[in-house]
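Engineer: Compact mmCIF, C-alpha atoms, file run-v8.txt:
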```txt
# COMPACT_ATOMS: atom_id res chain seq x y z
CA MET A 4 22.99 8.75 -93.13
CA ILE A 5 22.97 5.18 -91.84
CA GLU A 6 25.52 2.73 -93.18
CA SER A 7 24.35 -0.30 -95.13
CA THR A 8 23.04 -3.15 -92.98
CA ALA A 9 23.40 -5.79 -95.70
CA ALA A 10 25.46 -8.94 -95.06
CA PRO A 11 29.14 -7.98 -95.14
CA PRO A 12 31.29 -9.12 -98.05
CA LEU A 13 33.25 -12.34 -97.61
CA ARG A 14 37.04 -12.39 -97.48
CA ARG A 15 37.24 -13.53 -101.09
CA HIS A 16 35.16 -10.50 -102.09
CA ILE A 17 37.56 -8.19 -100.27
CA ALA A 18 40.47 -10.05 -101.86
CA ALA A 19 38.89 -9.49 -105.28
CA VAL A 20 38.52 -5.76 -104.62
CA ILE A 21 42.15 -5.50 -103.47
CA ALA A 22 43.42 -7.58 -106.41
CA GLY A 23 41.35 -5.56 -108.86
CA ASN A 24 42.59 -2.30 -107.39
CA ALA A 25 46.19 -3.52 -107.61
CA LEU A 26 45.56 -4.56 -111.22
CA GLU A 27 44.22 -1.15 -112.16
CA PHE A 28 47.22 0.63 -110.70
CA TYR A 29 49.60 -1.92 -112.18
CA ASP A 30 48.13 -1.36 -115.63
CA PHE A 31 48.13 2.43 -115.26
CA LEU A 32 51.62 2.71 -113.78
CA THR A 33 53.33 0.16 -116.01
CA PHE A 34 53.42 2.92 -118.62
CA SER A 35 55.62 4.94 -116.26
CA TYR A 36 57.98 2.08 -115.43
CA PHE A 37 58.66 1.40 -119.09
CA ALA A 38 58.55 5.03 -120.22
CA VAL A 39 62.07 4.85 -121.67
CA TYR A 40 61.10 1.96 -123.96
CA ILE A 41 57.63 3.29 -124.77
CA GLY A 42 59.17 6.61 -125.74
CA ARG A 43 61.45 4.85 -128.20
CA ALA A 44 58.59 2.77 -129.65
CA PHE A 45 55.93 5.45 -130.06
CA PHE A 46 57.71 8.81 -129.77
CA PRO A 47 61.13 8.46 -131.44
CA ALA A 48 63.51 11.43 -131.20
CA SER A 49 67.18 12.08 -131.81
CA ASP A 50 67.64 13.06 -128.14
CA PRO A 51 66.83 10.18 -125.71
CA MET A 52 65.81 12.66 -122.97
CA THR A 53 63.33 14.34 -125.34
CA SER A 54 61.84 10.93 -126.14
CA LEU A 55 61.50 10.21 -122.42
CA LEU A 56 59.88 13.58 -121.77
CA THR A 57 57.36 12.94 -124.56
CA ALA A 58 56.51 9.52 -123.14
CA LEU A 59 56.11 11.01 -119.65
CA ALA A 60 53.87 13.73 -121.09
CA THR A 61 51.71 10.99 -122.60
CA PHE A 62 51.72 9.25 -119.21
CA GLY A 63 50.39 12.53 -117.81
CA VAL A 64 47.64 12.65 -120.45
CA GLY A 65 45.99 9.74 -118.67
CA PHE A 66 45.44 11.98 -115.68
CA ALA A 67 43.32 14.43 -117.69
CA THR A 68 40.34 12.07 -117.78
CA ARG A 69 40.61 10.88 -114.19
CA PRO A 70 38.39 13.67 -112.80
CA ILE A 71 35.79 12.89 -115.47
CA GLY A 72 35.84 9.21 -114.58
CA ALA A 73 35.61 10.15 -110.89
CA VAL A 74 32.48 12.23 -111.41
CA VAL A 75 30.80 9.74 -113.75
CA ILE A 76 31.76 6.35 -112.29
CA GLY A 77 32.35 7.53 -108.73
CA GLY A 78 28.88 9.06 -108.79
CA LEU A 79 27.47 5.77 -110.08
CA GLY A 80 28.98 4.14 -107.01
CA ASP A 81 26.70 6.30 -104.85
CA ARG A 82 23.60 6.02 -107.07
CA ILE A 83 23.55 2.41 -108.27
CA GLY A 84 26.09 0.73 -105.99
CA ARG A 85 29.78 0.19 -105.34
CA LYS A 86 29.93 -3.23 -107.01
CA PRO A 87 28.73 -2.36 -110.56
CA ALA A 88 30.88 0.78 -110.61
CA THR A 89 33.95 -1.24 -109.60
CA LEU A 90 33.32 -3.97 -112.18
CA LEU A 91 32.93 -1.39 -114.95
CA CYS A 92 36.33 0.07 -114.10
CA PHE A 93 38.02 -3.34 -114.06
CA VAL A 94 36.77 -4.21 -117.54
CA MET A 95 37.64 -0.81 -119.05
CA MET A 96 41.17 -0.86 -117.65
CA GLY A 97 41.78 -4.41 -118.82
CA GLY A 98 40.67 -3.58 -122.35
CA ALA A 99 42.87 -0.48 -122.48
CA ILE A 100 46.01 -2.25 -121.32
CA ILE A 101 45.52 -5.00 -123.92
CA GLY A 102 45.16 -2.30 -126.55
CA LEU A 103 48.40 -0.63 -125.45
CA ALA A 104 50.29 -3.90 -125.47
CA LEU A 105 49.14 -4.72 -129.01
CA THR A 106 49.53 -1.27 -130.61
CA PRO A 107 52.11 -1.38 -133.46
CA SER A 108 55.16 0.85 -133.08
CA TYR A 109 55.76 4.22 -134.73
CA ALA A 110 58.11 2.52 -137.15
CA SER A 111 55.25 0.27 -138.34
CA ILE A 112 52.27 2.62 -138.69
CA GLY A 113 53.72 6.09 -138.18
CA PRO A 114 51.94 8.86 -136.23
CA ALA A 115 48.82 6.70 -135.88
CA ALA A 116 50.68 4.71 -133.22
CA SER A 117 51.18 7.83 -131.10
CA VAL A 118 47.51 8.80 -131.47
CA ILE A 119 46.29 5.34 -130.45
CA VAL A 120 48.52 5.32 -127.39
CA VAL A 121 47.23 8.71 -126.27
CA LEU A 122 43.58 7.64 -126.74
CA LEU A 123 44.11 4.44 -124.74
CA ARG A 124 45.79 6.45 -121.97
CA LEU A 125 42.65 8.59 -121.80
CA VAL A 126 40.53 5.45 -121.35
CA GLN A 127 42.86 4.21 -118.62
CA GLY A 128 42.63 7.53 -116.81
CA PHE A 129 38.81 7.53 -117.01
CA ALA A 130 38.62 4.02 -115.55
CA LEU A 131 41.13 4.58 -112.75
CA GLY A 132 39.57 7.92 -111.85
CA GLY A 133 36.25 6.21 -111.21
CA GLU A 134 37.67 3.15 -109.48
CA VAL A 135 39.21 4.67 -106.33
CA GLY A 136 35.89 5.97 -104.96
CA PRO A 137 33.82 2.78 -104.94
CA THR A 138 36.67 0.42 -104.00
CA THR A 139 37.77 2.54 -101.03
CA ALA A 140 34.13 2.82 -99.95
CA ILE A 141 33.78 -0.98 -100.09
CA LEU A 142 36.86 -1.50 -97.92
CA ILE A 143 35.72 1.03 -95.31
CA GLU A 144 32.10 -0.14 -95.23
CA ALA A 145 33.03 -3.83 -95.10
CA ALA A 146 35.40 -3.42 -92.14
CA PRO A 147 34.49 -4.98 -88.78
CA PRO A 148 34.19 -2.58 -85.81
CA GLY A 149 37.54 -1.11 -84.86
CA ARG A 150 39.26 -2.34 -88.06
CA ARG A 151 38.51 0.46 -90.51
CA GLY A 152 42.07 1.71 -90.42
CA PHE A 153 43.46 -1.66 -91.41
CA TYR A 154 40.86 -2.34 -94.11
CA GLY A 155 41.06 1.18 -95.51
CA ALA A 156 44.86 1.08 -95.63
CA LEU A 157 44.60 -1.93 -97.94
CA GLN A 158 43.71 0.57 -100.68
CA GLY A 159 47.17 2.12 -100.45
CA ALA A 160 48.82 -1.24 -99.80
CA SER A 161 47.32 -2.70 -102.99
CA GLN A 162 48.71 0.22 -104.98
CA PHE A 163 52.21 -0.49 -103.70
CA ALA A 164 51.70 -4.22 -104.21
CA SER A 165 51.14 -3.42 -107.87
CA THR A 166 54.46 -1.56 -107.82
CA PHE A 167 56.16 -4.64 -106.37
CA PHE A 168 54.76 -7.00 -108.98
CA ALA A 169 55.64 -4.59 -111.77
CA GLY A 170 59.18 -4.49 -110.43
CA VAL A 171 59.35 -8.30 -110.26
CA ILE A 172 58.12 -8.65 -113.82
CA GLY A 173 60.41 -5.89 -115.08
CA PHE A 174 63.41 -7.41 -113.27
CA VAL A 175 62.73 -10.90 -114.63
CA LEU A 176 62.17 -9.69 -118.19
CA THR A 177 65.21 -7.40 -118.27
CA SER A 178 67.33 -10.21 -116.79
CA THR A 179 66.19 -12.88 -119.27
CA LEU A 180 65.75 -10.88 -122.47
CA ALA A 181 68.49 -9.12 -124.40
CA PRO A 182 68.20 -5.30 -124.17
CA ASP A 183 67.21 -4.90 -127.83
CA VAL A 184 64.60 -7.66 -127.52
CA PHE A 185 63.12 -6.17 -124.34
CA ALA A 186 62.92 -2.77 -126.05
CA VAL A 187 60.80 -4.31 -128.83
CA TYR A 188 58.29 -6.47 -126.96
CA GLY A 189 59.43 -7.19 -123.39
CA TRP A 190 57.44 -4.31 -121.96
CA ARG A 191 54.41 -5.48 -123.97
CA ILE A 192 54.57 -8.84 -122.20
CA ALA A 193 54.51 -7.04 -118.84
CA MET A 194 51.30 -5.22 -119.83
CA LEU A 195 49.55 -8.40 -121.02
CA ILE A 196 50.37 -10.13 -117.74
CA GLY A 197 48.42 -7.44 -115.89
CA ALA A 198 45.38 -7.83 -118.14
CA ALA A 199 45.21 -11.55 -117.33
CA VAL A 200 43.94 -10.78 -113.81
CA VAL A 201 40.72 -9.10 -115.00
CA PRO A 202 38.56 -12.23 -115.45
CA VAL A 203 39.72 -13.56 -112.08
CA GLY A 204 38.62 -10.41 -110.25
CA VAL A 205 35.27 -10.31 -112.02
CA PHE A 206 34.63 -13.97 -111.16
CA LEU A 207 35.43 -13.49 -107.46
CA MET A 208 33.16 -10.45 -107.23
CA ARG A 209 30.19 -12.05 -108.99
CA ASP A 210 28.12 -12.56 -105.80
CA MET A 211 29.55 -9.80 -103.61
CA PRO A 212 26.84 -8.04 -101.55
CA GLU A 213 26.38 -4.29 -101.92
CA THR A 214 27.83 -2.10 -99.17
CA ALA A 215 26.30 1.21 -100.26
CA PRO A 216 23.58 2.77 -98.04
CA ALA A 217 20.02 3.28 -99.19
CA ARG A 218 19.74 5.76 -102.05
CA THR A 219 19.30 9.43 -101.28
CA SER A 220 17.80 12.14 -103.46
CA GLN A 221 19.90 14.46 -105.59
CA PRO A 222 19.07 17.52 -103.42
CA GLU A 223 20.19 15.60 -100.33
CA ARG A 224 23.47 14.66 -101.97
CA ARG A 225 24.10 18.26 -103.04
CA ALA A 226 23.46 19.44 -99.48
CA LEU A 227 25.87 16.85 -98.09
CA LEU A 228 28.56 17.84 -100.58
CA LYS A 229 28.17 21.52 -99.66
CA SER A 230 28.36 20.84 -95.93
CA ASN A 231 31.54 18.79 -96.41
CA ALA A 232 33.35 21.22 -98.70
CA ARG A 233 36.03 21.91 -96.06
CA VAL A 234 36.90 18.23 -95.73
CA MET A 235 37.15 17.94 -99.51
CA LEU A 236 39.44 20.98 -99.85
CA ILE A 237 41.76 19.79 -97.09
CA GLY A 238 41.70 16.35 -98.66
CA LEU A 239 42.69 17.84 -102.01
CA ALA A 240 45.80 19.41 -100.46
CA ALA A 241 46.74 16.31 -98.46
CA LEU A 242 46.22 13.91 -101.35
CA GLY A 243 47.97 16.25 -103.78
CA SER A 244 51.03 16.23 -101.56
CA ALA A 245 50.88 12.47 -101.08
CA THR A 246 50.58 11.76 -104.79
CA ILE A 247 53.62 13.88 -105.66
CA GLY A 248 55.61 11.77 -103.22
CA VAL A 249 54.29 8.54 -104.74
CA TYR A 250 55.16 9.56 -108.28
CA VAL A 251 58.62 10.74 -107.27
CA LEU A 252 59.16 7.30 -105.73
CA LEU A 253 57.80 5.62 -108.85
CA PHE A 254 60.14 7.73 -110.98
CA ILE A 255 63.16 6.22 -109.25
CA PRO A 256 63.72 3.51 -111.93
CA ASN A 257 63.82 6.09 -114.74
CA TYR A 258 65.75 8.52 -112.52
CA ALA A 259 68.41 5.97 -111.65
CA MET A 260 68.66 4.55 -115.17
CA GLN A 261 68.37 7.68 -117.32
CA ILE A 262 69.82 10.39 -115.06
CA LEU A 263 72.22 8.52 -112.76
CA HIS A 264 73.09 5.96 -115.50
CA MET A 265 72.63 2.89 -113.32
CA PRO A 266 71.92 -0.64 -114.69
CA ALA A 267 68.30 -1.50 -115.55
CA GLN A 268 68.30 -4.61 -113.33
CA SER A 269 69.19 -2.54 -110.25
CA THR A 270 66.48 0.01 -110.97
CA PHE A 271 63.75 -2.61 -111.35
CA ALA A 272 64.96 -4.27 -108.16
CA ALA A 273 64.51 -0.88 -106.47
CA THR A 274 60.97 -0.74 -107.86
CA MET A 275 60.30 -4.12 -106.26
CA LEU A 276 61.62 -2.80 -102.96
CA VAL A 277 59.47 0.35 -103.11
CA GLY A 278 56.39 -1.76 -103.73
CA LEU A 279 57.21 -4.40 -101.14
CA CYS A 280 57.89 -1.88 -98.37
CA GLY A 281 54.72 0.04 -99.17
CA ALA A 282 52.58 -3.10 -99.29
CA VAL A 283 53.97 -4.34 -95.96
CA PHE A 284 54.02 -1.15 -93.92
CA ALA A 285 50.78 0.48 -95.13
CA PRO A 286 48.53 -2.05 -93.33
CA LEU A 287 50.65 -1.71 -90.18
CA ALA A 288 50.06 2.04 -90.26
CA GLY A 289 46.34 1.31 -90.68
CA VAL A 290 46.38 -0.89 -87.58
CA SER A 291 48.22 1.84 -85.65
CA SER A 292 45.62 4.39 -86.76
CA ASP A 293 42.87 2.15 -85.34
CA ARG A 294 44.64 2.23 -82.01
CA TYR A 295 45.98 5.79 -81.81
CA GLY A 296 43.86 7.72 -84.31
CA ARG A 297 44.38 8.76 -87.93
CA LYS A 298 45.96 12.18 -87.32
CA PRO A 299 48.80 11.24 -84.94
CA VAL A 300 49.93 8.39 -87.19
CA MET A 301 49.85 10.20 -90.52
CA ILE A 302 51.40 13.40 -89.13
CA ALA A 303 54.30 11.55 -87.49
CA LEU A 304 55.02 9.58 -90.66
CA ALA A 305 54.73 12.66 -92.89
CA LEU A 306 57.16 14.61 -90.70
CA ALA A 307 59.71 11.78 -90.76
CA THR A 308 59.42 11.58 -94.55
CA LEU A 309 59.93 15.33 -94.95
CA ILE A 310 63.08 15.27 -92.84
CA LEU A 311 64.69 12.44 -94.84
CA ILE A 312 63.85 13.32 -98.47
CA VAL A 313 66.78 15.59 -99.32
CA PRO A 314 69.42 13.61 -97.38
CA GLY A 315 68.21 10.42 -99.04
CA PHE A 316 68.47 11.74 -102.60
CA ALA A 317 71.82 13.38 -101.81
CA LEU A 318 73.14 10.00 -100.64
CA LEU A 319 71.90 8.32 -103.81
CA ALA A 320 73.32 10.99 -106.12
CA HIS A 321 76.69 10.84 -104.37
CA PHE A 322 77.26 7.08 -104.33
CA ARG A 323 75.15 5.99 -107.35
CA SER A 324 75.37 2.40 -106.14
CA TRP A 325 72.79 -0.29 -105.63
CA PRO A 326 73.15 -0.30 -101.79
CA ALA A 327 72.42 3.43 -101.70
CA LEU A 328 69.54 3.02 -104.16
CA PHE A 329 67.97 0.20 -102.14
CA ALA A 330 68.42 1.98 -98.80
CA VAL A 331 66.82 5.21 -100.02
CA ALA A 332 63.99 3.37 -101.79
CA ALA A 333 63.23 1.23 -98.73
CA ILE A 334 63.25 3.99 -96.12
CA LEU A 335 61.36 6.63 -98.06
CA SER A 336 58.77 4.23 -99.45
CA SER A 337 58.11 2.66 -96.03
CA LEU A 338 57.49 6.03 -94.40
CA HIS A 339 55.59 7.67 -97.23
CA ALA A 340 53.44 4.67 -98.13
CA SER A 341 52.45 4.18 -94.51
CA GLY A 342 51.40 7.78 -93.96
CA GLY A 343 49.85 8.14 -97.39
CA SER A 344 47.70 5.04 -96.96
CA VAL A 345 46.19 6.50 -93.80
CA VAL A 346 45.46 9.75 -95.66
CA ILE A 347 43.82 7.88 -98.54
CA MET A 348 41.52 6.15 -96.06
CA ALA A 349 40.89 9.07 -93.69
CA ILE A 350 39.37 11.35 -96.36
CA PRO A 351 36.49 9.05 -97.41
CA GLU A 352 35.99 7.98 -93.80
CA ALA A 353 35.29 11.62 -92.92
CA LEU A 354 32.66 11.88 -95.69
CA PRO A 355 28.99 10.78 -95.36
CA PRO A 356 28.29 7.34 -96.90
CA ALA A 357 25.69 8.76 -99.30
CA VAL A 358 28.36 10.78 -101.16
CA ARG A 359 31.46 8.83 -100.16
CA SER A 360 32.18 7.15 -103.48
CA GLY A 361 31.67 10.15 -105.77
CA ALA A 362 33.12 12.83 -103.50
CA ASN A 363 36.20 10.81 -102.60
CA ALA A 364 36.79 9.76 -106.21
CA THR A 365 36.53 13.38 -107.35
CA VAL A 366 38.88 14.76 -104.69
CA TYR A 367 41.38 11.96 -105.29
CA ALA A 368 41.23 12.30 -109.08
CA LEU A 369 41.66 16.07 -108.98
CA ALA A 370 44.66 15.74 -106.69
CA ILE A 371 46.18 13.12 -108.97
CA ALA A 372 45.35 14.99 -112.18
CA ILE A 373 46.74 18.32 -110.99
CA PHE A 374 49.79 17.11 -109.10
CA GLY A 375 50.45 13.47 -109.95
CA GLY A 376 50.05 13.73 -113.70
CA SER A 377 52.66 16.44 -113.94
CA ALA A 378 55.08 15.26 -111.23
CA GLN A 379 57.36 13.03 -113.26
CA TYR A 380 57.44 15.39 -116.24
CA VAL A 381 58.22 18.35 -113.95
CA ILE A 382 61.10 16.66 -112.15
CA ALA A 383 62.58 15.34 -115.42
CA TRP A 384 62.28 18.85 -116.88
CA LEU A 385 63.89 20.38 -113.79
CA VAL A 386 66.81 17.99 -113.92
CA LYS A 387 67.34 18.63 -117.63
CA HIS A 388 67.20 22.42 -117.43
CA THR A 389 68.89 23.00 -114.06
CA GLY A 390 71.40 20.17 -114.18
CA ASP A 391 70.68 19.53 -110.49
CA VAL A 392 70.09 15.84 -109.80
CA LEU A 393 68.51 16.76 -106.45
CA ALA A 394 65.61 18.55 -108.15
CA PRO A 395 63.19 15.67 -107.40
CA ALA A 396 64.01 15.94 -103.69
CA TYR A 397 63.39 19.69 -103.56
CA TYR A 398 60.10 19.36 -105.42
CA TRP A 399 58.89 16.53 -103.17
CA SER A 400 59.96 18.36 -100.00
CA ALA A 401 57.89 21.42 -100.89
CA ALA A 402 54.86 19.23 -101.53
CA ALA A 403 55.43 17.26 -98.31
CA PHE A 404 55.46 20.47 -96.26
CA ILE A 405 52.11 21.55 -97.69
CA GLY A 406 50.66 18.10 -97.06
CA LEU A 407 51.80 18.17 -93.46
CA ILE A 408 49.92 21.42 -92.88
CA ALA A 409 46.77 19.93 -94.48
CA MET A 410 46.94 16.89 -92.20
CA THR A 411 46.98 19.08 -89.11
CA LEU A 412 43.77 20.76 -90.33
CA LEU A 413 41.91 17.51 -91.02
CA ARG A 414 39.60 16.45 -88.21
CA GLU A 415 40.04 13.08 -86.56
CA SER A 416 37.77 10.52 -88.21
CA ALA A 417 38.61 7.30 -86.35
CA PRO A 418 35.62 6.13 -84.29
CA GLY A 419 36.19 6.77 -80.60
CA LYS A 420 39.33 8.89 -81.20
CA GLY A 421 37.72 12.27 -81.71
CA LYS A 422 34.74 13.99 -83.19
CA THR A 423 33.15 11.93 -85.96
```
Using the file provided, produce a representation of the structure as structure tokens.
Structural biologist:
Amino acid sequence: MIESTAAPPLRRHIAAVIAGNALEFYDFLTFSYFAVYIGRAFFPASDPMTSLLTALATFGVGFATRPIGAVVIGGLGDRIGRKPATLLCFVMMGGAIIGLALTPSYASIGPAASVIVVLLRLVQGFALGGEVGPTTAILIEAAPPGRRGFYGALQGASQFASTFFAGVIGFVLTSTLAPDVFAVYGWRIAMLIGAAVVPVGVFLMRDMPETAPARTSQPERRALLKSNARVMLIGLAALGSATIGVYVLLFIPNYAMQILHMPAQSTFAATMLVGLCGAVFAPLAGVSSDRYGRKPVMIALALATLILIVPGFALLAHFRSWPALFAVAAILSSLHASGGSVVIMAIPEALPPAVRSGANATVYALAIAIFGGSAQYVIAWLVKHTGDVLAPAYYWSAAAFIGLIAMTLLRESAPGKGKT
């Protein structure tokens, strides 16, 4: 299948795609960052850890509809175009986050509040599940020759940028609002800030050219999916491993605050650091993958991450200080975000353009739904029932080992670096 020969998108179009992608992940992940407060507002319990677990379980509910959104909206990205599929996701996510921010607490409307929150999480999951396929396809297909690694890595970088901005907003709000005030509506302000970006992204994308190739028939698409089943299965394992690592990193604020009993300001500062390091180093890994190939870069970074996970968490659990927290967050996020961003880009790059949006969205959403949606609940459960504060490190290490094996099986997809 020949790639689209239409005029390439302008830089402002690419910026809109990146900003919109960051917005979607910001809106989806904000629920996790403020899980302690959301649990108190919508799922009150006598035991604070039980309230947190319930909130994290609701966070995981959003992952249930991600595969459905991937099939429906990701498939639309192949059939009617990347642009309309992306815009649909932006609008749906923006509406859902506004709904979450404005939902009355359990104390005000009772169980109805919990039901509304769960339903809105399902909408968020549907939108985000469909968004990854078309936006990643746009970035890859819009890249100039020899720059696919850099452009594709912007998908992962934008996800970590959303983490950084969430950390900034959380840090500012927790520093300026009294704890009881923040618990009531501070986290709602953070959600509404994310929704404000939606109209900006839609405006910037209004005249973006389509990057999708000419339409192919349904039988042709089925044949392409069948012939690329191996790539999709390997991608499922690699992305499943990568997403467990991401959600362990994103659990650090709750881990440090709820389990290690560290101050909220320090934990949100760590969130900022995780996001900043990921946003900075992911594009650099993409550039390196353009020069040396996808496999050498992502394997080297994955191996370094695997080696340092347990020592890093052991250091944090021993000292329980902000220098230890920042050091562990910076090192692990830099390594994992860099390698993971190359993985996120290498899978769709290895797929034919005619099925790139739908197939990549489905593989990504399944990996996230199966492994990402349960990761934070599992590690919180393990800590509670084993009493071992290193449980997150052991869980992540096992996943990282499996991901490393999957990366060695994935064929090289960088043009000029191997068989394409």
Engineer: Using the file's own x, y and z axes, what box holds all listed atoms of segment 368-386 of chain A with 6 Å on each side, keeping edges along x, y and z, and what are its centre and edge lengths in Å to one decimal, as AutoDock Vina command-line options?
Structural biologist:
```
--center_x 54.0 --center_y 16.3 --center_z -111.8 --size_x 37.6 --size_y 20.1 --size_z 22.2
```
Engineer: Near Trp399 of chain A, counting all atoms listed in the file, which residues have an atom at most 10 Å away, once you skip same-chain residues fewer than 2 positions from it, shown as a ChimeraX atom specification?
Structural biologist: /A:244-252,308-309,312-313,378,382,394-397,401-404
Engineer: Find the distance between atom CA of Val201 of chain A and atom CA of Val94 of chain A and write it in Å to one decimal.
Structural biologist: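 Computed distance, atom CA of Val201 of chain A to atom CA of Val94 of chain A, equals 6.8 Å.
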Engineer: Which of these residues is nearest to Ala60 of chain A, using only C-alpha atoms: A:Ala130, A:Ala383, A:Ala199, A:Ala193?
Structural biologist: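 That would be A:Ala383, the residue with the smallest distance to Ala60 of chain A.
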Engineer: Counting all atoms listed in the file, which of A:Thr166, A:Gly152, A:Phe46, A:Val392 gets nearest to Ala317 of chain A?
Structural biologist: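 Checking each candidate against Ala317 of chain A, we get A:Val392 as the closest.
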Engineer: Counting only C-alpha atoms, find residues at most 10 Å from (43.9, -0.1, -126.4) (file frame) and give them as a list in words.
Structural biologist: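 The answer, in the requested form, is Met95, Met96, Gly97, Gly98, Ala99, Ile100, Ile101, Gly102, Leu103, Ala104, Leu105, Thr106, Ile119, Val120, Val121, Leu122, Leu123, Arg124, Leu125, Val126 and Gln127 of chain A.
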Engineer: Could the residues in this selection be written to a file with C-alpha atoms, as a PDB file, in the frame of the given file?
Structural biologist:
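So selection.pdb came out as:
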```
ATOM      1  CA  MET A  95      37.640  -0.810-119.050  1.00  0.00           C
ATOM      2  CA  MET A  96      41.170  -0.860-117.650  1.00  0.00           C
ATOM      3  CA  GLY A  97      41.780  -4.410-118.820  1.00  0.00           C
ATOM      4  CA  GLY A  98      40.670  -3.580-122.350  1.00  0.00           C
ATOM      5  CA  ALA A  99      42.870  -0.480-122.480  1.00  0.00           C
ATOM      6  CA  ILE A 100      46.010  -2.250-121.320  1.00  0.00           C
ATOM      7  CA  ILE A 101      45.520  -5.000-123.920  1.00  0.00           C
ATOM      8  CA  GLY A 102      45.160  -2.300-126.550  1.00  0.00           C
ATOM      9  CA  LEU A 103      48.400  -0.630-125.450  1.00  0.00           C
ATOM     10  CA  ALA A 104      50.290  -3.900-125.470  1.00  0.00           C
ATOM     11  CA  LEU A 105      49.140  -4.720-129.010  1.00  0.00           C
ATOM     12  CA  THR A 106      49.530  -1.270-130.610  1.00  0.00           C
ATOM     13  CA  ILE A 119      46.290   5.340-130.450  1.00  0.00           C
ATOM     14  CA  VAL A 120      48.520   5.320-127.390  1.00  0.00           C
ATOM     15  CA  VAL A 121      47.230   8.710-126.270  1.00  0.00           C
ATOM     16  CA  LEU A 122      43.580   7.640-126.740  1.00  0.00           C
ATOM     17  CA  LEU A 123      44.110   4.440-124.740  1.00  0.00           C
ATOM     18  CA  ARG A 124      45.790   6.450-121.970  1.00  0.00           C
ATOM     19  CA  LEU A 125      42.650   8.590-121.800  1.00  0.00           C
ATOM     20  CA  VAL A 126      40.530   5.450-121.350  1.00  0.00           C
ATOM     21  CA  GLN A 127      42.860   4.210-118.620  1.00  0.00           C
TER      22      GLN A 127
END
```
Engineer: Between A:Leu306, A:Met208, A:Val290, A:Ala156, which one has atoms that come closest to Leu91 of chain A, using all atoms listed in the file?
Structural biologist: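 Ranked by minimum distance to Leu91 of chain A, first place goes to A:Met208.
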Engineer: To one decimal place in Å, what is the distance between atom CA of Pro299 of chain A and atom CA of Val346 of chain A?
Structural biologist: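 Atom-to-atom, atom CA of Pro299 of chain A and atom CA of Val346 of chain A are spaced 11.3 Å apart.
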Engineer: If you count all atoms listed in the file, which residues fall within 7 Å of segment 204-206 of chain A, apart from same-chain ones fewer than 2 positions away, as a CSV table (one decimal) with C-alpha atoms, keeping the file's coordinate frame?
Structural biologist:
```csv
chain,number,residue,atom,x,y,z
A,19,ALA,CA,38.9,-9.5,-105.3
A,22,ALA,CA,43.4,-7.6,-106.4
A,23,GLY,CA,41.4,-5.6,-108.9
A,90,LEU,CA,33.3,-4.0,-112.2
A,200,VAL,CA,43.9,-10.8,-113.8
A,201,VAL,CA,40.7,-9.1,-115.0
A,202,PRO,CA,38.6,-12.2,-115.4
A,208,MET,CA,33.2,-10.4,-107.2
A,209,ARG,CA,30.2,-12.0,-109.0
```
Engineer: Would you kindly return, as a list in words, each protein, DNA or RNA residue with an atom no farther than 9 Å from any atom of Phe129 of chain A, considering all atoms listed in the file and excluding same-chain residues fewer than 2 positions away?
Structural biologist: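 Contacts, with the query itself left out: Gly65, Phe66, Ala67, Thr68, Arg69, Pro70, Ile71, Gly72, Ala73, Val75, Ile76, Cys92, Met95, Met96, Arg124, Leu125, Val126, Gln127, Leu131, Gly132, Gly133 and Glu134 of chain A.
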Engineer: Kindly indicate which residue among A:Gly155, A:Gly78, A:Pro107, A:Gly289 lies nearest to Phe45 of chain A, using all atoms listed in the file for the distances.
Structural biologist: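 Of A:Gly155, A:Gly78, A:Pro107, A:Gly289, the one nearest Phe45 of chain A, counting all atoms listed in the file, is A:Pro107.
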Engineer: Considering all atoms listed in the file, give me a table of residues in segment 271-315 of chain A that are at most 6 Å from segment 324-336 of chain A, with the closest atom pair and distance in Å for each, as a tab-separated table.
Structural biologist:
```
residue	atom	partner	partner_atom	distance
A:Ala273	CA	A:Phe329	CA	5.6
A:Val277	CA	A:Ser336	CA	5.4
A:Gly281	CA	A:Ser336	CA	5.8
A:Gly315	CA	A:Val331	CA	5.5
```
